[in-house]
$ cat final.cif   # mmCIF, C-alpha atoms
data_coords
#
loop_
_atom_site.label_atom_id
_atom_site.label_comp_id
_atom_site.auth_asym_id
_atom_site.auth_seq_id
_atom_site.Cartn_x
_atom_site.Cartn_y
_atom_site.Cartn_z
CA MET D 1 27.33 -17.24 16.43
CA GLN D 2 29.55 -19.26 14.16
CA ASN D 3 30.49 -18.21 10.66
CA ASN D 4 28.12 -20.52 8.84
CA GLN D 5 25.28 -19.40 11.08
CA ILE D 6 25.97 -15.76 10.22
CA ILE D 7 25.90 -16.55 6.50
CA LEU D 8 22.74 -18.64 6.92
CA ASN D 9 21.00 -15.78 8.69
CA ILE D 10 22.04 -13.21 6.09
CA ILE D 11 20.69 -15.43 3.30
CA ARG D 12 17.50 -16.03 5.26
CA PHE D 13 17.06 -12.27 5.77
CA VAL D 14 17.39 -11.46 2.07
CA VAL D 15 15.38 -14.42 0.74
CA LEU D 16 12.49 -13.91 3.17
CA MET D 17 12.36 -10.19 2.46
CA LEU D 18 12.24 -10.70 -1.32
CA LEU D 19 9.72 -13.54 -0.96
CA GLN D 20 7.52 -11.26 1.10
CA VAL D 21 7.57 -8.19 -1.15
CA ILE D 22 7.50 -9.95 -4.51
CA VAL D 23 5.14 -12.86 -3.86
CA LEU D 24 3.34 -12.80 -0.53
CA ASN D 25 2.33 -9.11 -0.53
CA HIS D 26 0.33 -9.75 -3.71
CA ILE D 27 -1.65 -12.85 -2.75
CA ASN D 28 -4.74 -10.91 -1.60
CA PHE D 29 -6.70 -14.00 -0.64
CA LEU D 30 -10.41 -13.03 -0.32
CA GLY D 31 -9.43 -9.53 -1.37
CA TYR D 32 -7.30 -8.46 1.57
CA VAL D 33 -5.68 -11.41 3.39
CA ASN D 34 -1.90 -11.63 3.02
CA PRO D 35 0.45 -13.85 5.00
CA TYR D 36 3.56 -12.31 6.55
CA ALA D 37 6.05 -15.16 6.46
CA TYR D 38 9.14 -12.98 6.85
CA LEU D 39 8.60 -13.40 10.60
CA ILE D 40 10.42 -16.73 10.20
CA PHE D 41 13.68 -14.76 10.41
CA ILE D 42 12.81 -13.51 13.89
CA LEU D 43 11.34 -16.87 14.93
CA LEU D 44 14.43 -18.84 13.93
CA PHE D 45 17.11 -16.32 14.92
CA PRO D 46 19.55 -18.31 17.10
CA PHE D 47 18.20 -18.49 20.63
CA ASP D 48 21.62 -18.05 22.21
CA ALA D 49 22.63 -14.99 20.15
CA SER D 50 22.68 -11.43 21.44
CA LYS D 51 19.24 -9.97 22.15
CA THR D 52 20.41 -6.49 21.24
CA LEU D 53 21.42 -7.73 17.81
CA LEU D 54 18.02 -9.39 17.34
CA ILE D 55 16.18 -6.15 18.17
CA PHE D 56 18.32 -4.22 15.72
CA LEU D 57 17.97 -6.80 12.92
CA SER D 58 14.21 -7.01 13.46
CA PHE D 59 14.04 -3.27 12.95
CA LEU D 60 16.09 -3.50 9.74
CA LEU D 61 13.92 -6.32 8.41
CA GLY D 62 10.71 -4.43 9.14
CA LEU D 63 12.07 -1.22 7.66
CA SER D 64 13.10 -2.95 4.44
CA ILE D 65 9.59 -4.38 4.06
CA ASP D 66 8.22 -0.87 4.67
CA LEU D 67 10.49 0.49 1.95
CA PHE D 68 8.69 -1.74 -0.50
CA SER D 69 5.12 -1.39 0.66
CA ASP D 70 4.77 2.38 1.24
CA SER D 71 3.55 1.85 4.76
CA GLY D 72 5.63 4.33 6.76
CA GLY D 73 7.09 2.38 9.67
CA VAL D 74 4.38 -0.12 10.56
CA HIS D 75 6.35 -3.29 9.78
CA ALA D 76 9.41 -1.89 11.56
CA ALA D 77 7.39 -1.12 14.69
CA ALA D 78 5.71 -4.55 14.76
CA CYS D 79 9.01 -6.36 14.17
CA VAL D 80 10.91 -4.41 16.81
CA LEU D 81 8.18 -5.24 19.31
CA VAL D 82 8.22 -9.01 18.66
CA GLY D 83 12.03 -8.95 18.57
CA PHE D 84 12.03 -7.34 22.00
CA LEU D 85 9.34 -9.63 23.40
CA ARG D 86 10.85 -12.84 22.00
CA PRO D 87 12.83 -13.92 25.10
CA GLY D 88 9.68 -13.60 27.23
CA ILE D 89 7.55 -15.53 24.73
CA LEU D 90 10.22 -18.24 24.45
CA LYS D 91 10.22 -18.65 28.21
CA PHE D 92 6.43 -18.75 28.28
CA SER D 93 6.17 -21.33 25.46
CA PHE D 94 9.05 -23.66 26.32
CA GLY D 95 9.23 -23.26 30.08
CA VAL D 96 12.48 -23.64 31.98
CA SER D 97 14.31 -25.65 29.35
CA TYR D 98 14.76 -22.43 27.38
CA GLU D 99 16.82 -20.89 30.19
CA TYR D 100 19.44 -23.59 29.84
CA ASN D 101 19.75 -22.82 26.12
CA ALA D 102 18.70 -26.37 25.41
CA VAL D 103 15.77 -25.59 23.11
CA LYS D 104 15.86 -26.32 19.40
CA LEU D 105 12.78 -25.45 17.44
CA ASN D 106 12.68 -28.74 15.53
CA LYS D 107 13.06 -30.78 18.70
CA VAL D 108 10.25 -29.34 20.83
CA THR D 109 6.76 -30.84 20.83
CA PHE D 110 4.35 -29.76 18.13
CA LYS D 111 2.09 -28.07 20.67
CA GLU D 112 4.89 -25.91 22.07
CA ARG D 113 6.04 -24.94 18.60
CA VAL D 114 2.55 -23.91 17.50
CA LEU D 115 2.10 -21.92 20.73
CA TYR D 116 5.36 -20.04 20.18
CA ILE D 117 4.63 -19.25 16.52
CA THR D 118 1.00 -18.29 17.17
CA LEU D 119 1.89 -15.88 19.98
CA MET D 120 4.60 -14.18 17.95
CA VAL D 121 2.46 -13.95 14.80
CA PHE D 122 -0.62 -12.56 16.50
CA ILE D 123 1.26 -9.91 18.52
CA HIS D 124 3.07 -8.86 15.35
CA HIS D 125 -0.11 -8.75 13.25
CA PHE D 126 -2.14 -6.86 15.83
CA VAL D 127 0.48 -4.09 16.07
CA LEU D 128 0.93 -4.13 12.30
CA PHE D 129 -2.75 -3.69 11.41
CA GLY D 130 -3.38 -1.38 14.37
CA LEU D 131 -0.71 1.04 13.17
CA GLU D 132 -1.52 0.60 9.50
CA ILE D 133 -5.24 1.31 9.80
CA PHE D 134 -4.66 3.66 12.75
CA SER D 135 -8.24 4.48 13.59
CA LEU D 136 -10.38 3.34 16.49
CA SER D 137 -13.52 3.45 14.37
CA HIS D 138 -12.06 0.64 12.26
CA ILE D 139 -11.31 -1.61 15.24
CA VAL D 140 -13.42 -4.42 13.76
CA LEU D 141 -11.41 -4.28 10.55
CA ILE D 142 -8.17 -4.40 12.59
CA LEU D 143 -9.32 -7.48 14.51
CA LYS D 144 -10.67 -9.18 11.40
CA SER D 145 -7.46 -8.59 9.45
CA THR D 146 -5.36 -9.75 12.41
CA LEU D 147 -7.36 -12.95 12.74
CA PHE D 148 -7.48 -13.94 9.07
CA SER D 149 -3.94 -12.91 8.18
CA GLY D 150 -2.73 -14.44 11.44
CA ILE D 151 -4.21 -17.86 10.69
CA PHE D 152 -2.86 -17.71 7.14
CA SER D 153 0.62 -16.72 8.38
CA VAL D 154 0.77 -19.40 11.09
CA LEU D 155 -0.20 -22.12 8.60
CA LEU D 156 2.28 -20.90 5.99
CA ILE D 157 5.12 -20.57 8.53
CA LEU D 158 4.45 -24.10 9.85
CA CYS D 159 4.53 -25.46 6.30
CA ILE D 160 7.76 -23.64 5.44
CA LEU D 161 9.39 -24.83 8.67
CA LEU D 162 8.34 -28.43 7.94
CA LEU D 163 9.75 -28.20 4.41
CA PHE D 164 13.14 -26.88 5.53
CA ASN D 165 13.34 -28.95 8.68
CA THR D 166 16.35 -31.07 7.78
CA LYS D 167 19.34 -30.13 9.86
CA GLU D 168 19.22 -26.41 10.60
CA ASN D 169 19.18 -24.97 14.11
CA MET Q 1 28.04 9.05 36.64
CA GLN Q 2 29.03 5.46 37.05
CA GLN Q 3 25.49 4.60 38.02
CA ILE Q 4 24.08 6.27 34.93
CA ILE Q 5 26.42 4.24 32.71
CA TYR Q 6 25.53 1.13 34.67
CA PHE Q 7 21.85 1.90 34.15
CA PHE Q 8 22.37 2.24 30.40
CA ILE Q 9 24.28 -1.01 30.16
CA LYS Q 10 21.75 -2.88 32.26
CA ASN Q 11 18.78 -1.63 30.23
CA LYS Q 12 20.42 -1.44 26.82
CA ASN Q 13 17.94 -3.83 25.20
CA PHE Q 14 14.95 -1.90 26.42
CA LEU Q 15 16.45 1.46 25.49
CA LEU Q 16 17.34 0.25 22.00
CA PHE Q 17 13.82 -1.17 21.61
CA ALA Q 18 12.26 2.10 22.82
CA LEU Q 19 14.39 4.17 20.44
CA LEU Q 20 13.70 2.00 17.38
CA PHE Q 21 10.01 1.72 18.20
CA LEU Q 22 9.82 5.49 18.52
CA ILE Q 23 11.51 5.93 15.14
CA SER Q 24 9.09 3.54 13.44
CA PHE Q 25 6.16 5.16 15.20
CA ILE Q 26 7.21 8.59 13.95
CA LEU Q 27 7.57 7.19 10.41
CA THR Q 28 4.07 5.71 10.75
CA LEU Q 29 2.60 8.99 11.96
CA GLU Q 30 4.26 10.79 9.10
CA SER Q 31 2.75 8.37 6.59
CA HIS Q 32 -0.69 9.04 8.05
CA SER Q 33 -0.38 12.81 7.79
CA TYR Q 34 -1.53 14.56 4.62
CA HIS Q 35 1.50 15.01 2.37
CA ASN Q 36 3.01 11.80 3.40
CA SER Q 37 6.10 9.69 3.94
CA LYS Q 38 8.88 11.64 2.37
CA LEU Q 39 11.45 9.32 3.90
CA ILE Q 40 10.12 5.83 3.35
CA SER Q 41 8.56 5.20 -0.04
CA SER Q 42 8.74 2.69 -2.84
CA THR Q 43 10.06 5.31 -5.28
CA ASN Q 44 13.57 4.90 -3.85
CA PHE Q 45 16.16 3.42 -6.17
CA PHE Q 46 16.36 -0.02 -4.58
CA SER Q 47 12.72 -1.05 -4.20
CA ALA Q 48 11.62 0.60 -7.45
CA LYS Q 49 14.34 -1.32 -9.27
CA VAL Q 50 13.23 -4.63 -7.78
CA TYR Q 51 9.61 -3.85 -8.67
CA SER Q 52 10.44 -2.94 -12.25
CA VAL Q 53 12.43 -6.16 -12.70
CA THR Q 54 9.59 -8.30 -11.34
CA SER Q 55 6.93 -6.43 -13.29
CA ASN Q 56 8.97 -6.98 -16.45
CA ILE Q 57 8.41 -10.68 -15.87
CA THR Q 58 4.82 -10.70 -14.57
CA GLU Q 59 3.68 -8.39 -17.37
CA TYR Q 60 3.57 -11.36 -19.74
CA PHE Q 61 0.88 -13.14 -17.74
CA ASP Q 62 -1.44 -10.23 -18.30
CA LEU Q 63 -0.92 -9.59 -22.01
CA LYS Q 64 -4.26 -11.01 -23.14
CA GLU Q 65 -6.28 -8.77 -20.84
CA GLN Q 66 -4.21 -5.69 -21.75
CA ASN Q 67 -4.66 -6.42 -25.46
CA LYS Q 68 -8.39 -6.42 -24.94
CA ILE Q 69 -8.23 -3.04 -23.19
CA LEU Q 70 -6.13 -1.60 -26.03
CA LEU Q 71 -8.60 -2.96 -28.57
CA GLU Q 72 -11.51 -1.31 -26.77
CA GLN Q 73 -9.65 1.98 -26.64
CA ASN Q 74 -8.76 1.73 -30.34
CA SER Q 75 -12.33 1.01 -31.32
CA SER Q 76 -13.64 3.97 -29.37
CA LEU Q 77 -11.04 6.24 -30.97
CA LEU Q 78 -11.93 4.89 -34.43
CA LYS Q 79 -15.60 5.49 -33.74
CA TYR Q 80 -14.80 9.04 -32.74
CA GLN Q 81 -12.78 9.55 -35.91
CA ALA Q 82 -15.51 8.18 -38.15
CA ASN Q 83 -18.10 10.46 -36.59
CA THR Q 84 -16.09 13.67 -36.75
CA ASN Q 85 -13.97 13.38 -39.92
CA THR Q 86 -10.91 14.72 -38.07
CA PRO Q 87 -7.63 12.87 -38.62
CA ILE Q 88 -6.91 10.90 -35.49
CA SER Q 89 -3.43 12.32 -35.04
CA GLN Q 90 -4.76 15.79 -34.38
CA ILE Q 91 -7.09 15.02 -31.51
CA PRO Q 92 -6.20 14.51 -27.88
CA LEU Q 93 -7.08 11.30 -26.05
CA ASP Q 94 -10.64 12.39 -25.46
CA SER Q 95 -12.70 14.97 -27.32
CA LEU Q 96 -13.97 16.42 -24.06
CA LEU Q 97 -10.50 17.47 -23.02
CA SER Q 98 -9.20 20.86 -24.06
CA LYS Q 99 -5.74 21.51 -25.42
CA ASN Q 100 -4.48 22.67 -22.05
CA PHE Q 101 -3.81 19.12 -21.02
CA GLU Q 102 -0.94 16.85 -22.01
CA PHE Q 103 -0.79 13.10 -21.54
CA THR Q 104 2.19 10.89 -20.73
CA GLY Q 105 1.94 7.11 -20.77
CA ALA Q 106 3.53 5.07 -17.97
CA ARG Q 107 3.73 1.48 -16.84
CA VAL Q 108 2.49 0.33 -13.42
CA ILE Q 109 5.26 -1.56 -11.61
CA ASN Q 110 3.54 -2.08 -8.27
CA ASN Q 111 -0.14 -1.94 -7.42
CA VAL Q 112 -1.53 -2.41 -3.91
CA TYR Q 113 -5.29 -2.43 -3.21
CA ASN Q 114 -5.81 -4.48 -0.05
CA LYS Q 115 -4.89 -1.86 2.55
CA THR Q 116 -6.72 1.23 3.74
CA ASN Q 117 -4.19 3.65 2.24
CA ASN Q 118 -3.12 2.25 -1.10
CA HIS Q 119 -0.39 3.45 -3.42
CA ILE Q 120 0.64 2.56 -6.97
CA THR Q 121 4.22 2.86 -8.25
CA ILE Q 122 4.90 3.72 -11.91
CA ASP Q 123 8.07 3.86 -14.00
CA LYS Q 124 8.07 7.57 -14.94
CA GLY Q 125 9.44 10.31 -12.70
CA GLN Q 126 11.01 13.75 -12.56
CA ASN Q 127 13.15 12.95 -15.62
CA ASP Q 128 9.93 12.75 -17.62
CA THR Q 129 8.69 16.01 -16.01
CA ILE Q 130 6.25 14.21 -13.77
CA GLU Q 131 5.46 16.21 -10.61
CA PRO Q 132 3.34 15.66 -7.51
CA ASP Q 133 -0.36 16.60 -7.81
CA MET Q 134 -0.77 15.44 -11.39
CA GLY Q 135 -3.82 13.32 -12.17
CA VAL Q 136 -3.57 9.72 -13.38
CA ILE Q 137 -6.16 7.92 -15.53
CA THR Q 138 -6.48 4.88 -17.79
CA SER Q 139 -8.50 4.69 -20.97
CA LYS Q 140 -11.44 3.50 -18.86
CA GLY Q 141 -11.38 6.02 -16.06
CA ILE Q 142 -9.73 7.72 -13.15
CA VAL Q 143 -6.93 6.11 -11.07
CA GLY Q 144 -5.50 8.64 -8.61
CA ILE Q 145 -3.09 11.51 -8.06
CA ILE Q 146 0.74 11.51 -8.07
CA ASN Q 147 2.00 12.26 -4.57
CA LYS Q 148 5.73 11.59 -4.67
CA THR Q 149 8.35 11.44 -7.40
CA SER Q 150 11.97 10.38 -7.69
CA GLY Q 151 14.23 10.53 -10.74
CA LYS Q 152 12.80 7.61 -12.66
CA TYR Q 153 9.75 6.60 -10.64
CA ALA Q 154 6.64 8.11 -9.15
CA ARG Q 155 4.06 7.05 -6.60
CA ILE Q 156 0.31 7.49 -7.07
CA GLN Q 157 -2.08 7.95 -4.19
CA SER Q 158 -4.77 5.66 -5.51
CA LEU Q 159 -8.52 6.34 -5.45
CA LEU Q 160 -8.56 3.45 -2.99
CA ASN Q 161 -7.02 5.54 -0.22
CA THR Q 162 -8.93 6.93 2.73
CA LYS Q 163 -7.01 10.19 2.31
CA SER Q 164 -8.11 10.73 -1.30
CA GLN Q 165 -10.79 13.35 -1.92
CA ILE Q 166 -11.41 13.93 -5.60
CA ASN Q 167 -14.00 16.26 -7.01
CA ALA Q 168 -16.64 14.46 -9.13
CA GLN Q 169 -20.13 15.11 -10.39
CA LEU Q 170 -23.24 13.53 -11.87
CA LYS Q 171 -22.99 13.60 -15.65
CA LYS Q 172 -26.60 14.55 -16.25
CA SER Q 173 -27.21 17.19 -13.59
CA LYS Q 174 -23.83 18.76 -12.66
CA HIS Q 175 -24.36 18.29 -8.92
CA PHE Q 176 -20.91 17.65 -7.51
CA GLY Q 177 -19.44 15.90 -4.50
CA PHE Q 178 -16.23 14.26 -3.30
CA LEU Q 179 -14.98 10.76 -4.06
CA THR Q 180 -13.82 8.93 -0.93
CA TRP Q 181 -13.30 5.27 -0.13
CA ASN Q 182 -14.69 3.31 2.83
CA THR Q 183 -12.11 0.48 2.49
CA GLN Q 184 -14.76 -2.20 1.93
CA ASN Q 185 -14.48 -3.08 -1.75
CA PRO Q 186 -11.77 -2.20 -4.31
CA HIS Q 187 -14.40 -1.91 -7.07
CA ILE Q 188 -16.68 0.54 -5.29
CA VAL Q 189 -15.93 4.07 -4.04
CA GLN Q 190 -18.23 6.54 -2.31
CA LEU Q 191 -19.36 9.90 -3.67
CA THR Q 192 -20.32 12.10 -0.71
CA GLU Q 193 -22.08 15.43 -0.26
CA ILE Q 194 -24.40 15.14 -3.26
CA PRO Q 195 -27.28 17.52 -2.46
CA LYS Q 196 -30.67 16.01 -1.67
CA LEU Q 197 -32.22 17.89 -4.60
CA ALA Q 198 -30.09 16.08 -7.17
CA PRO Q 199 -32.08 13.73 -9.40
CA ILE Q 200 -30.16 10.52 -8.94
CA ALA Q 201 -30.86 7.00 -10.18
CA ILE Q 202 -29.05 3.69 -10.17
CA GLY Q 203 -26.96 3.39 -13.33
CA ASP Q 204 -26.21 7.11 -13.70
CA THR Q 205 -22.71 7.96 -14.91
CA ILE Q 206 -20.28 9.82 -12.64
CA ILE Q 207 -17.52 11.99 -14.19
CA THR Q 208 -14.80 14.23 -12.77
CA GLY Q 209 -15.97 17.73 -11.98
CA GLY Q 210 -13.20 19.95 -13.32
CA ASN Q 211 -13.28 22.13 -10.19
CA SER Q 212 -9.61 21.42 -9.54
CA ALA Q 213 -6.48 21.99 -11.59
CA ILE Q 214 -5.67 18.28 -11.44
CA PHE Q 215 -8.29 16.55 -13.59
CA PRO Q 216 -9.97 18.00 -16.65
CA LYS Q 217 -13.75 17.90 -16.61
CA GLY Q 218 -15.42 14.80 -17.98
CA ILE Q 219 -13.02 11.96 -17.18
CA LEU Q 220 -15.11 8.85 -16.56
CA VAL Q 221 -15.32 7.54 -13.00
CA GLY Q 222 -18.07 4.95 -12.72
CA ARG Q 223 -21.77 4.17 -12.42
CA VAL Q 224 -24.12 4.65 -9.47
CA ALA Q 225 -24.61 1.27 -7.82
CA ASN Q 226 -26.57 2.35 -4.76
CA TYR Q 227 -27.35 5.51 -2.80
CA THR Q 228 -28.42 6.39 0.72
CA LEU Q 229 -29.60 9.62 2.34
CA GLU Q 230 -27.24 10.85 5.07
CA ASN Q 231 -28.23 13.39 7.75
CA ASN Q 232 -31.37 14.26 5.73
CA ASP Q 233 -29.53 16.74 3.53
CA SER Q 234 -27.09 14.89 1.29
CA TYR Q 235 -26.70 11.60 -0.50
CA THR Q 236 -23.80 9.18 -0.15
CA VAL Q 237 -23.54 7.33 -3.43
CA ASP Q 238 -21.81 3.99 -4.01
CA VAL Q 239 -20.02 4.25 -7.35
CA ARG Q 240 -18.93 1.14 -9.23
CA LEU Q 241 -15.69 2.09 -10.98
CA PHE Q 242 -15.27 1.57 -14.73
CA ASN Q 243 -11.61 0.85 -14.02
CA ASP Q 244 -10.59 -2.47 -12.55
CA MET Q 245 -8.24 -1.11 -9.88
CA THR Q 246 -7.00 -4.62 -9.12
CA ASN Q 247 -5.65 -5.04 -12.64
CA LEU Q 248 -3.76 -1.97 -13.83
CA SER Q 249 -0.94 -2.18 -16.31
CA HIS Q 250 -0.67 1.07 -18.27
CA VAL Q 251 -1.79 4.50 -17.16
CA PHE Q 252 -1.78 8.08 -18.50
CA ILE Q 253 -0.51 11.01 -16.47
CA ILE Q 254 -2.29 14.30 -17.04
CA LYS Q 255 -0.27 17.51 -17.13
CA ASN Q 256 -2.21 20.73 -16.86
CA LYS Q 257 -0.26 23.45 -18.67
CA ASN Q 258 -2.19 26.21 -16.95
CA LYS Q 259 -1.84 24.80 -13.47
CA GLN Q 260 0.52 27.48 -12.15
CA GLU Q 261 -1.81 30.20 -13.37
CA ILE Q 262 -4.85 28.60 -11.75
CA ILE Q 263 -3.06 28.08 -8.44
CA GLN Q 264 -1.80 31.66 -8.39
CA LEU Q 265 -5.30 32.95 -8.98
CA GLN Q 266 -6.71 30.80 -6.21
CA PHE Q 267 -4.05 31.96 -3.76
CA SER Q 268 -4.56 35.62 -4.58
CA ASP Q 269 -8.28 35.13 -3.82
CA ASP Q 270 -7.42 33.78 -0.39
CA ALA Q 271 -5.19 36.70 0.43
CA GLU Q 272 -7.81 39.36 -0.12
#
$ encode --input "final.cif" --output "structure tokens"
Amino acid sequence: MQNNQIILNIIRFVVLMLLQVIVLNHINFLGYVNPYAYLIFILLFPFDASKTLLIFLSFLLGLSIDLFSDSGGVHAAACVLVGFLRPGILKFSFGVSYEYNAVKLNKVTFKERVLYITLMVFIHHFVLFGLEIFSLSHIVLILKSTLFSGIFSVLLILCILLLFNTKEN
Amino acid sequence: MQQIIYFFIKNKNFLLFALLFLISFILTLESHSYHNSKLISSTNFFSAKVYSVTSNITEYFDLKEQNKILLEQNSSLLKYQANTNTPISQIPLDSLLSKNFEFTGARVINNVYNKTNNHITIDKGQNDTIEPDMGVITSKGIVGIINKTSGKYARIQSLLNTKSQINAQLKKSKHFGFLTWNTQNPHIVQLTEIPKLAPIAIGDTIITGGNSAIFPKGILVGRVANYTLENNDSYTVDVRLFNDMTNLSHVFIIKNKNKQEIIQLQFSDDAE
């Protein structure tokens, strides 16, 4: 990673974390639906950077959200999992071109981008709500929350990416 | 030896992932156990500071509503004064409460109500002699119980928490049960284990029972909205809360001066 990329990622980390805990955690659309847009940090983390670093930073990001929302370690667990699974999901969504490090998120087709974001968001949300509710008798609630929050998050992330889609990455 | 090192280097991503996932899983388990999350909580210096800064700003959007609540509380206190001829400065918050209880006001800096285990953070802590297991109310009714404190902040386990079990009773017949929450609606909690014999009707008032050292008897909870017979021997009652748990701004913390004495008595009973 180059210097300006490191600074960009640090700023992104802090801004997304504060946005999440101050604004997005209090939206409560329909009473319980909140988007989790801080995933953008993991989604946009440079594709050619160290995977070990990504796993560690995902953990830190999740843990700092947990610090704010009194949720034990649920965000940390969900983030670490998607951080770890990201290379596989990238390969699945973008095919071989990913292996040659030629992928840039604002250059791929819309379909591929939505596939990548949707997969990441839904895996993250399922683990998040599964651990947060942590009871098999509430499995319907887990699935319902995953679905509604997931759709909300995907839409919000797509909008944010479109807005800031000038020259990054 | 070389092969072990080689194995670690080859699988370092997976091992790091497994370690961090295990840590977060342990933190999660801890937060689901009874006296929870001592490590990760919003009462720490950093997040509580951020919350108090943001609530300083967002407070202004809510002033109208809070003024109305204050006005209602004032009018009920004035009514009480007019009917009893006691100077207002000599009476506690509510006539039903004995002098064993002290009240401390605090400001809510973070309020969550959309999860299954909800917590509220307030801006008073150990420095204001707030301790875990103190009750929290507003002028309208019950809010929850303090479950963690730091120097300047404290965290309340809200009524809207599947782990909460608060003793409450019917105002007119003294039959008591436990307040729990089924996660469906932040305005409605469930009162369980009300005996089948209890004369219950929609609209009845529910108050706290006074069987614990945490809440004095007679704090308002809510009204009966609906009730169903469970297992043929007890009612489960839906209680519509007087408090709007989605819009809390100022709360009172209840200190029971005789708490130590009560707890000691209870423990000595167990031992014999």
$ closest_residue --input "final.cif" --among "D:Val140, D:Ala49, D:Leu61, D:Ile55" --to "Val15 of chain D" --atoms "all atoms listed in the file"
D:Leu61
$ resolve_selection --input "final.cif" --expression "the PyMOL selection byres ((chain Q) within 9 of (chain D))" --output "ChimeraX atom specification"
/Q:12-14,16-18,20-32,36-37,39-44,46-48,50-51,54,111-119,185-186
$ axis_aligned_box --input "final.cif" --around "segment 45-55 of chain D" --padding-each-side "5 Å" --output "JSON"
{"center_x": 19.4, "center_y": -12.3, "center_z": 18.6, "size_x": 16.5, "size_y": 22.3, "size_z": 17.3}
$ atom_distance --input "final.cif" --atom1 "atom CA of Gly88 of chain D" --atom2 "atom CA of Leu8 of chain D"
24.7 Å
$ resolve_selection --input "final.cif" --expression "the PyMOL selection byres ((chain D and resi 120) around 8)" --output "list in words"
Leu43, Val82, Arg86, Ile89, Tyr116, Ile117, Thr118, Leu119, Val121, Phe122, Ile123 and His124 of chain D
$ resolve_selection --input "final.cif" --expression "the PyMOL selection byres ((chain Q and resi 192) around 7)" --output "ChimeraX atom specification"
/Q:177-179,190-191,193-194,235-237
$ atom_distance --input "final.cif" --atom1 "atom CA of Ser158 of chain Q" --atom2 "atom CA of Asn256 of chain Q"
19.0 Å
$ residues_around --input "final.cif" --residues "segment 204-209 of chain Q" --least-positions-apart "6" --cutoff "8 Å" --atoms "all atoms listed in the file" --output "ChimeraX atom specification"
/Q:166-172,174,176,215-224,239
$ build_atoms --input "final.cif" --residues "segment 196-208 of chain Q" --atoms "N, CA and C atoms" --output "PDB file, in the coordinates of the input"
ATOM      1  N   LYS Q 196     -29.456  16.814  -1.677  1.00  0.00           N
ATOM      2  CA  LYS Q 196     -30.670  16.010  -1.670  1.00  0.00           C
ATOM      3  C   LYS Q 196     -31.522  16.287  -2.906  1.00  0.00           C
ATOM      4  N   LEU Q 197     -31.402  17.502  -3.446  1.00  0.00           N
ATOM      5  CA  LEU Q 197     -32.220  17.890  -4.600  1.00  0.00           C
ATOM      6  C   LEU Q 197     -31.818  17.190  -5.882  1.00  0.00           C
ATOM      7  N   ALA Q 198     -30.588  16.634  -5.912  1.00  0.00           N
ATOM      8  CA  ALA Q 198     -30.090  16.080  -7.170  1.00  0.00           C
ATOM      9  C   ALA Q 198     -30.938  14.889  -7.617  1.00  0.00           C
ATOM     10  N   PRO Q 199     -31.328  14.873  -8.893  1.00  0.00           N
ATOM     11  CA  PRO Q 199     -32.080  13.730  -9.400  1.00  0.00           C
ATOM     12  C   PRO Q 199     -31.125  12.571  -9.661  1.00  0.00           C
ATOM     13  N   ILE Q 200     -31.157  11.570  -8.822  1.00  0.00           N
ATOM     14  CA  ILE Q 200     -30.160  10.520  -8.940  1.00  0.00           C
ATOM     15  C   ILE Q 200     -30.862   9.180  -9.131  1.00  0.00           C
ATOM     16  N   ALA Q 201     -30.262   8.315  -9.948  1.00  0.00           N
ATOM     17  CA  ALA Q 201     -30.860   7.000 -10.180  1.00  0.00           C
ATOM     18  C   ALA Q 201     -29.746   5.980 -10.332  1.00  0.00           C
ATOM     19  N   ILE Q 202     -30.047   4.736 -10.024  1.00  0.00           N
ATOM     20  CA  ILE Q 202     -29.050   3.690 -10.170  1.00  0.00           C
ATOM     21  C   ILE Q 202     -28.698   3.533 -11.647  1.00  0.00           C
ATOM     22  N   GLY Q 203     -27.391   3.498 -11.951  1.00  0.00           N
ATOM     23  CA  GLY Q 203     -26.960   3.390 -13.330  1.00  0.00           C
ATOM     24  C   GLY Q 203     -26.478   4.701 -13.919  1.00  0.00           C
ATOM     25  N   ASP Q 204     -26.700   5.820 -13.210  1.00  0.00           N
ATOM     26  CA  ASP Q 204     -26.210   7.110 -13.700  1.00  0.00           C
ATOM     27  C   ASP Q 204     -24.688   7.120 -13.785  1.00  0.00           C
ATOM     28  N   THR Q 205     -24.157   7.874 -14.751  1.00  0.00           N
ATOM     29  CA  THR Q 205     -22.710   7.960 -14.910  1.00  0.00           C
ATOM     30  C   THR Q 205     -22.140   9.083 -14.045  1.00  0.00           C
ATOM     31  N   ILE Q 206     -20.984   8.815 -13.430  1.00  0.00           N
ATOM     32  CA  ILE Q 206     -20.280   9.820 -12.640  1.00  0.00           C
ATOM     33  C   ILE Q 206     -19.012  10.199 -13.397  1.00  0.00           C
ATOM     34  N   ILE Q 207     -18.742  11.519 -13.529  1.00  0.00           N
ATOM     35  CA  ILE Q 207     -17.520  11.990 -14.190  1.00  0.00           C
ATOM     36  C   ILE Q 207     -16.785  12.956 -13.263  1.00  0.00           C
ATOM     37  N   THR Q 208     -15.521  13.271 -13.606  1.00  0.00           N
ATOM     38  CA  THR Q 208     -14.800  14.230 -12.770  1.00  0.00           C
ATOM     39  C   THR Q 208     -15.384  15.621 -12.991  1.00  0.00           C
TER      40      THR Q 208
END
